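Structure file start-v1.cif (mmCIF, C-alpha atoms and all ligand atoms) is printed below.
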```cif
data_input
loop_
_atom_site.group_PDB
_atom_site.id
_atom_site.type_symbol
_atom_site.label_atom_id
_atom_site.label_comp_id
_atom_site.auth_asym_id
_atom_site.auth_seq_id
_atom_site.Cartn_x
_atom_site.Cartn_y
_atom_site.Cartn_z
ATOM 1 C CA MET P 1 -26.274 -3.612 -18.416
ATOM 2 C CA VAL P 2 -27.694 -6.353 -16.176
ATOM 3 C CA THR P 3 -25.971 -9.646 -15.415
ATOM 4 C CA PHE P 4 -27.865 -12.878 -14.761
ATOM 5 C CA ASN P 5 -26.990 -16.430 -14.015
ATOM 6 C CA LYS P 6 -28.594 -18.421 -16.807
ATOM 7 C CA SER P 7 -29.958 -20.775 -14.166
ATOM 8 C CA GLU P 8 -32.138 -17.895 -12.901
ATOM 9 C CA LEU P 9 -33.951 -17.878 -16.235
ATOM 10 C CA LEU P 10 -36.384 -20.735 -16.653
ATOM 11 C CA GLU P 11 -36.515 -22.117 -20.155
ATOM 12 C CA ASN P 12 -39.388 -20.740 -22.272
ATOM 13 C CA LYS P 13 -40.584 -18.659 -19.296
ATOM 14 C CA PRO P 14 -40.360 -14.940 -20.182
ATOM 15 C CA ARG P 15 -39.202 -12.591 -17.466
ATOM 16 C CA GLN P 16 -39.469 -8.822 -17.234
ATOM 17 C CA ILE P 17 -36.379 -6.927 -16.095
ATOM 18 C CA MET P 18 -35.678 -3.207 -15.986
ATOM 19 C CA ILE P 19 -32.729 -1.660 -17.802
ATOM 20 C CA ASN P 20 -32.379 2.081 -17.299
ATOM 21 C CA GLN P 21 -36.069 2.248 -16.389
ATOM 22 C CA THR P 22 -37.037 0.466 -19.595
ATOM 23 C CA PRO P 23 -38.941 -2.809 -19.254
ATOM 24 C CA VAL P 24 -37.186 -5.584 -21.135
ATOM 25 C CA CYS P 25 -38.472 -9.096 -21.774
ATOM 26 C CA VAL P 26 -35.822 -11.785 -21.365
ATOM 27 C CA VAL P 27 -36.329 -15.321 -22.624
ATOM 28 C CA ARG P 28 -34.083 -18.370 -22.419
ATOM 29 C CA ILE P 29 -34.576 -20.973 -25.128
ATOM 30 C CA LYS P 30 -32.384 -23.987 -24.484
ATOM 31 C CA ASP P 31 -28.959 -22.407 -23.950
ATOM 32 C CA GLU P 32 -29.677 -19.138 -25.785
ATOM 33 C CA VAL P 33 -30.974 -15.950 -24.207
ATOM 34 C CA PHE P 34 -32.907 -13.223 -26.043
ATOM 35 C CA ALA P 35 -33.942 -9.765 -24.898
ATOM 36 C CA VAL P 36 -36.592 -7.573 -26.531
ATOM 37 C CA ALA P 37 -38.719 -4.630 -25.448
ATOM 38 C CA ASP P 38 -41.279 -5.864 -22.951
ATOM 39 C CA THR P 39 -44.075 -3.572 -24.112
ATOM 40 C CA CYS P 40 -45.896 -4.876 -27.164
ATOM 41 C CA SER P 41 -45.537 -2.623 -30.202
ATOM 42 C CA HIS P 42 -49.314 -2.789 -30.735
ATOM 43 C CA ALA P 43 -50.537 -1.497 -27.369
ATOM 44 C CA GLU P 44 -49.707 -1.474 -23.659
ATOM 45 C CA ALA P 45 -49.215 -5.128 -22.809
ATOM 46 C CA SER P 46 -46.295 -6.855 -21.128
ATOM 47 C CA LEU P 47 -44.851 -9.528 -23.374
ATOM 48 C CA ALA P 48 -43.344 -11.237 -20.328
ATOM 49 C CA GLU P 49 -46.865 -12.570 -19.767
ATOM 50 C CA GLY P 50 -46.950 -14.078 -23.250
ATOM 51 C CA ASP P 51 -46.273 -17.565 -24.543
ATOM 52 C CA ILE P 52 -43.183 -18.905 -26.289
ATOM 53 C CA THR P 53 -43.285 -21.196 -29.309
ATOM 54 C CA ASP P 54 -40.024 -21.961 -31.069
ATOM 55 C CA TYR P 55 -38.341 -18.535 -31.328
ATOM 56 C CA LYS P 56 -41.610 -16.604 -31.190
ATOM 57 C CA ILE P 57 -43.311 -14.777 -28.374
ATOM 58 C CA GLU P 58 -47.067 -14.279 -28.526
ATOM 59 C CA CYS P 59 -48.678 -11.251 -26.926
ATOM 60 C CA TRP P 60 -51.391 -12.361 -24.495
ATOM 61 C CA LEU P 61 -53.628 -9.379 -25.258
ATOM 62 C CA HIS P 62 -54.415 -9.597 -28.983
ATOM 63 C CA GLY P 63 -52.223 -12.468 -30.132
ATOM 64 C CA ALA P 64 -49.522 -10.765 -32.197
ATOM 65 C CA GLU P 65 -46.351 -12.827 -32.539
ATOM 66 C CA PHE P 66 -42.794 -11.524 -32.652
ATOM 67 C CA ASP P 67 -39.500 -13.148 -33.576
ATOM 68 C CA LEU P 68 -37.311 -13.043 -30.468
ATOM 69 C CA ARG P 69 -34.142 -13.110 -32.590
ATOM 70 C CA THR P 70 -34.945 -9.999 -34.605
ATOM 71 C CA GLY P 71 -37.886 -8.313 -32.882
ATOM 72 C CA LYS P 72 -39.838 -8.502 -36.140
ATOM 73 C CA ALA P 73 -43.634 -8.508 -35.923
ATOM 74 C CA LEU P 74 -44.754 -11.753 -37.551
ATOM 75 C CA THR P 75 -48.534 -11.613 -37.229
ATOM 76 C CA PRO P 76 -51.132 -8.847 -36.887
ATOM 77 C CA PRO P 77 -52.359 -6.777 -35.238
ATOM 78 C CA ALA P 78 -48.747 -5.690 -34.527
ATOM 79 C CA VAL P 79 -46.801 -4.311 -37.475
ATOM 80 C CA GLU P 80 -43.928 -2.463 -35.798
ATOM 81 C CA PRO P 81 -40.909 -4.464 -34.622
ATOM 82 C CA LEU P 82 -39.764 -4.673 -31.017
ATOM 83 C CA GLU P 83 -36.500 -3.102 -29.972
ATOM 84 C CA THR P 84 -33.887 -5.777 -29.328
ATOM 85 C CA PHE P 85 -31.181 -5.647 -26.674
ATOM 86 C CA SER P 86 -27.696 -7.097 -26.824
ATOM 87 C CA VAL P 87 -27.017 -10.310 -24.952
ATOM 88 C CA ILE P 88 -23.433 -11.266 -24.168
ATOM 89 C CA ASP P 89 -23.160 -14.930 -23.274
ATOM 90 C CA ASN P 90 -20.376 -15.682 -20.788
ATOM 91 C CA GLY P 91 -21.245 -19.318 -20.271
ATOM 92 C CA ASP P 92 -23.031 -19.537 -16.938
ATOM 93 C CA THR P 93 -23.947 -15.846 -16.999
ATOM 94 C CA VAL P 94 -25.351 -13.411 -19.537
ATOM 95 C CA GLU P 95 -25.037 -9.634 -19.734
ATOM 96 C CA ILE P 96 -28.103 -7.883 -21.128
ATOM 97 C CA GLY P 97 -28.450 -4.337 -22.276
HETATM 98 S S1 LIG P 101 -51.211 -5.365 -27.269
HETATM 99 FE FE1 LIG P 101 -50.017 -6.947 -28.095
HETATM 100 S S2 LIG P 101 -51.118 -7.599 -29.822
HETATM 101 FE FE2 LIG P 101 -52.294 -5.961 -29.027
#
```
As structure tokens, the full file:
Amino acid sequence: MVTFNKSELLENKPRQIMINQTPVCVVRIKDEVFAVADTCSHAEASLAEGDITDYKIECWLHGAEFDLRTGKALTPPAVEPLETFSVIDNGDTVEIG
């Protein structure tokens, strides 16, 4: 479990954090925070380097999109979902993991 001040997370700017040696991609959209596996389910690419549109993150390498709320793969070439991580919102801070 990792605790952040929400103000440390720039809106729509993905950030990679480590939880138990697992890379996790954290994204703040408005006042909501989402956490999914940072490694794309298609190949070895860090999603923290991808782009955010609405509630989707797009992998920079081959363009697959994932739903940040569910981890679901929305567009090819990815078909497998991303693992999602719990986010507990405490107002100014969030606990992830
Ligand atoms: S590595 Fe992400 S779409 Fe291929």
#### Entry: Long-range neighbours of stretch 67-72 of chain P as a ChimeraX atom specification, 12 Å cut-off, all atoms listed in the file, 6 positions minimum in chain
/P:12,14,24-29,32-41,47-48,51-59,78-87
Restrict the selected residues to C-alpha atoms and save them as a PDB file, in the coordinates of the input.
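Result file follows (out33.pdb):
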```
ATOM      1  CA  ASN P  12     -39.388 -20.740 -22.272  1.00  0.00           C
ATOM      2  CA  PRO P  14     -40.360 -14.940 -20.182  1.00  0.00           C
ATOM      3  CA  VAL P  24     -37.186  -5.584 -21.135  1.00  0.00           C
ATOM      4  CA  CYS P  25     -38.472  -9.096 -21.774  1.00  0.00           C
ATOM      5  CA  VAL P  26     -35.822 -11.785 -21.365  1.00  0.00           C
ATOM      6  CA  VAL P  27     -36.329 -15.321 -22.624  1.00  0.00           C
ATOM      7  CA  ARG P  28     -34.083 -18.370 -22.419  1.00  0.00           C
ATOM      8  CA  ILE P  29     -34.576 -20.973 -25.128  1.00  0.00           C
ATOM      9  CA  GLU P  32     -29.677 -19.138 -25.785  1.00  0.00           C
ATOM     10  CA  VAL P  33     -30.974 -15.950 -24.207  1.00  0.00           C
ATOM     11  CA  PHE P  34     -32.907 -13.223 -26.043  1.00  0.00           C
ATOM     12  CA  ALA P  35     -33.942  -9.765 -24.898  1.00  0.00           C
ATOM     13  CA  VAL P  36     -36.592  -7.573 -26.531  1.00  0.00           C
ATOM     14  CA  ALA P  37     -38.719  -4.630 -25.448  1.00  0.00           C
ATOM     15  CA  ASP P  38     -41.279  -5.864 -22.951  1.00  0.00           C
ATOM     16  CA  THR P  39     -44.075  -3.572 -24.112  1.00  0.00           C
ATOM     17  CA  CYS P  40     -45.896  -4.876 -27.164  1.00  0.00           C
ATOM     18  CA  SER P  41     -45.537  -2.623 -30.202  1.00  0.00           C
ATOM     19  CA  LEU P  47     -44.851  -9.528 -23.374  1.00  0.00           C
ATOM     20  CA  ALA P  48     -43.344 -11.237 -20.328  1.00  0.00           C
ATOM     21  CA  ASP P  51     -46.273 -17.565 -24.543  1.00  0.00           C
ATOM     22  CA  ILE P  52     -43.183 -18.905 -26.289  1.00  0.00           C
ATOM     23  CA  THR P  53     -43.285 -21.196 -29.309  1.00  0.00           C
ATOM     24  CA  ASP P  54     -40.024 -21.961 -31.069  1.00  0.00           C
ATOM     25  CA  TYR P  55     -38.341 -18.535 -31.328  1.00  0.00           C
ATOM     26  CA  LYS P  56     -41.610 -16.604 -31.190  1.00  0.00           C
ATOM     27  CA  ILE P  57     -43.311 -14.777 -28.374  1.00  0.00           C
ATOM     28  CA  GLU P  58     -47.067 -14.279 -28.526  1.00  0.00           C
ATOM     29  CA  CYS P  59     -48.678 -11.251 -26.926  1.00  0.00           C
ATOM     30  CA  ALA P  78     -48.747  -5.690 -34.527  1.00  0.00           C
ATOM     31  CA  VAL P  79     -46.801  -4.311 -37.475  1.00  0.00           C
ATOM     32  CA  GLU P  80     -43.928  -2.463 -35.798  1.00  0.00           C
ATOM     33  CA  PRO P  81     -40.909  -4.464 -34.622  1.00  0.00           C
ATOM     34  CA  LEU P  82     -39.764  -4.673 -31.017  1.00  0.00           C
ATOM     35  CA  GLU P  83     -36.500  -3.102 -29.972  1.00  0.00           C
ATOM     36  CA  THR P  84     -33.887  -5.777 -29.328  1.00  0.00           C
ATOM     37  CA  PHE P  85     -31.181  -5.647 -26.674  1.00  0.00           C
ATOM     38  CA  SER P  86     -27.696  -7.097 -26.824  1.00  0.00           C
ATOM     39  CA  VAL P  87     -27.017 -10.310 -24.952  1.00  0.00           C
TER      40      VAL P  87
END
```
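For the pair atom S1 of ligand LIG 101 (chain P) and atom CA of P:Ala73, the interatomic distance is 11.9 Å.
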On this structure, the PyMOL selection byres (((not hetatm)) within 7 of (chain P and resi 101)) would catch which residues? List them as a JSON list (two decimals) with C-alpha atoms, keeping the file's coordinate frame, sorted by chain and number.
```json
[["chain", "number", "residue", "atom", "x", "y", "z"],
["P", 40, "CYS", "CA", -45.90, -4.88, -27.16],
["P", 41, "SER", "CA", -45.54, -2.62, -30.20],
["P", 42, "HIS", "CA", -49.31, -2.79, -30.74],
["P", 43, "ALA", "CA", -50.54, -1.50, -27.37],
["P", 44, "GLU", "CA", -49.71, -1.47, -23.66],
["P", 45, "ALA", "CA", -49.22, -5.13, -22.81],
["P", 59, "CYS", "CA", -48.68, -11.25, -26.93],
["P", 60, "TRP", "CA", -51.39, -12.36, -24.50],
["P", 61, "LEU", "CA", -53.63, -9.38, -25.26],
["P", 62, "HIS", "CA", -54.42, -9.60, -28.98],
["P", 63, "GLY", "CA", -52.22, -12.47, -30.13],
["P", 64, "ALA", "CA", -49.52, -10.76, -32.20],
["P", 77, "PRO", "CA", -52.36, -6.78, -35.24],
["P", 78, "ALA", "CA", -48.75, -5.69, -34.53]]
```
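Here atom CA of P:Glu11 stands at a distance of 8.5 Å from atom CA of P:Asp31.
For the set P:Phe66, P:Arg15, P:Pro76, P:Gln21, the residue with the smallest atom-to-atom gap to P:Met1 is P:Gln21, counting all atoms listed in the file.
Counting from atom CA of P:Ile96, the distance to atom CA of P:Met18 is 10.3 Å.
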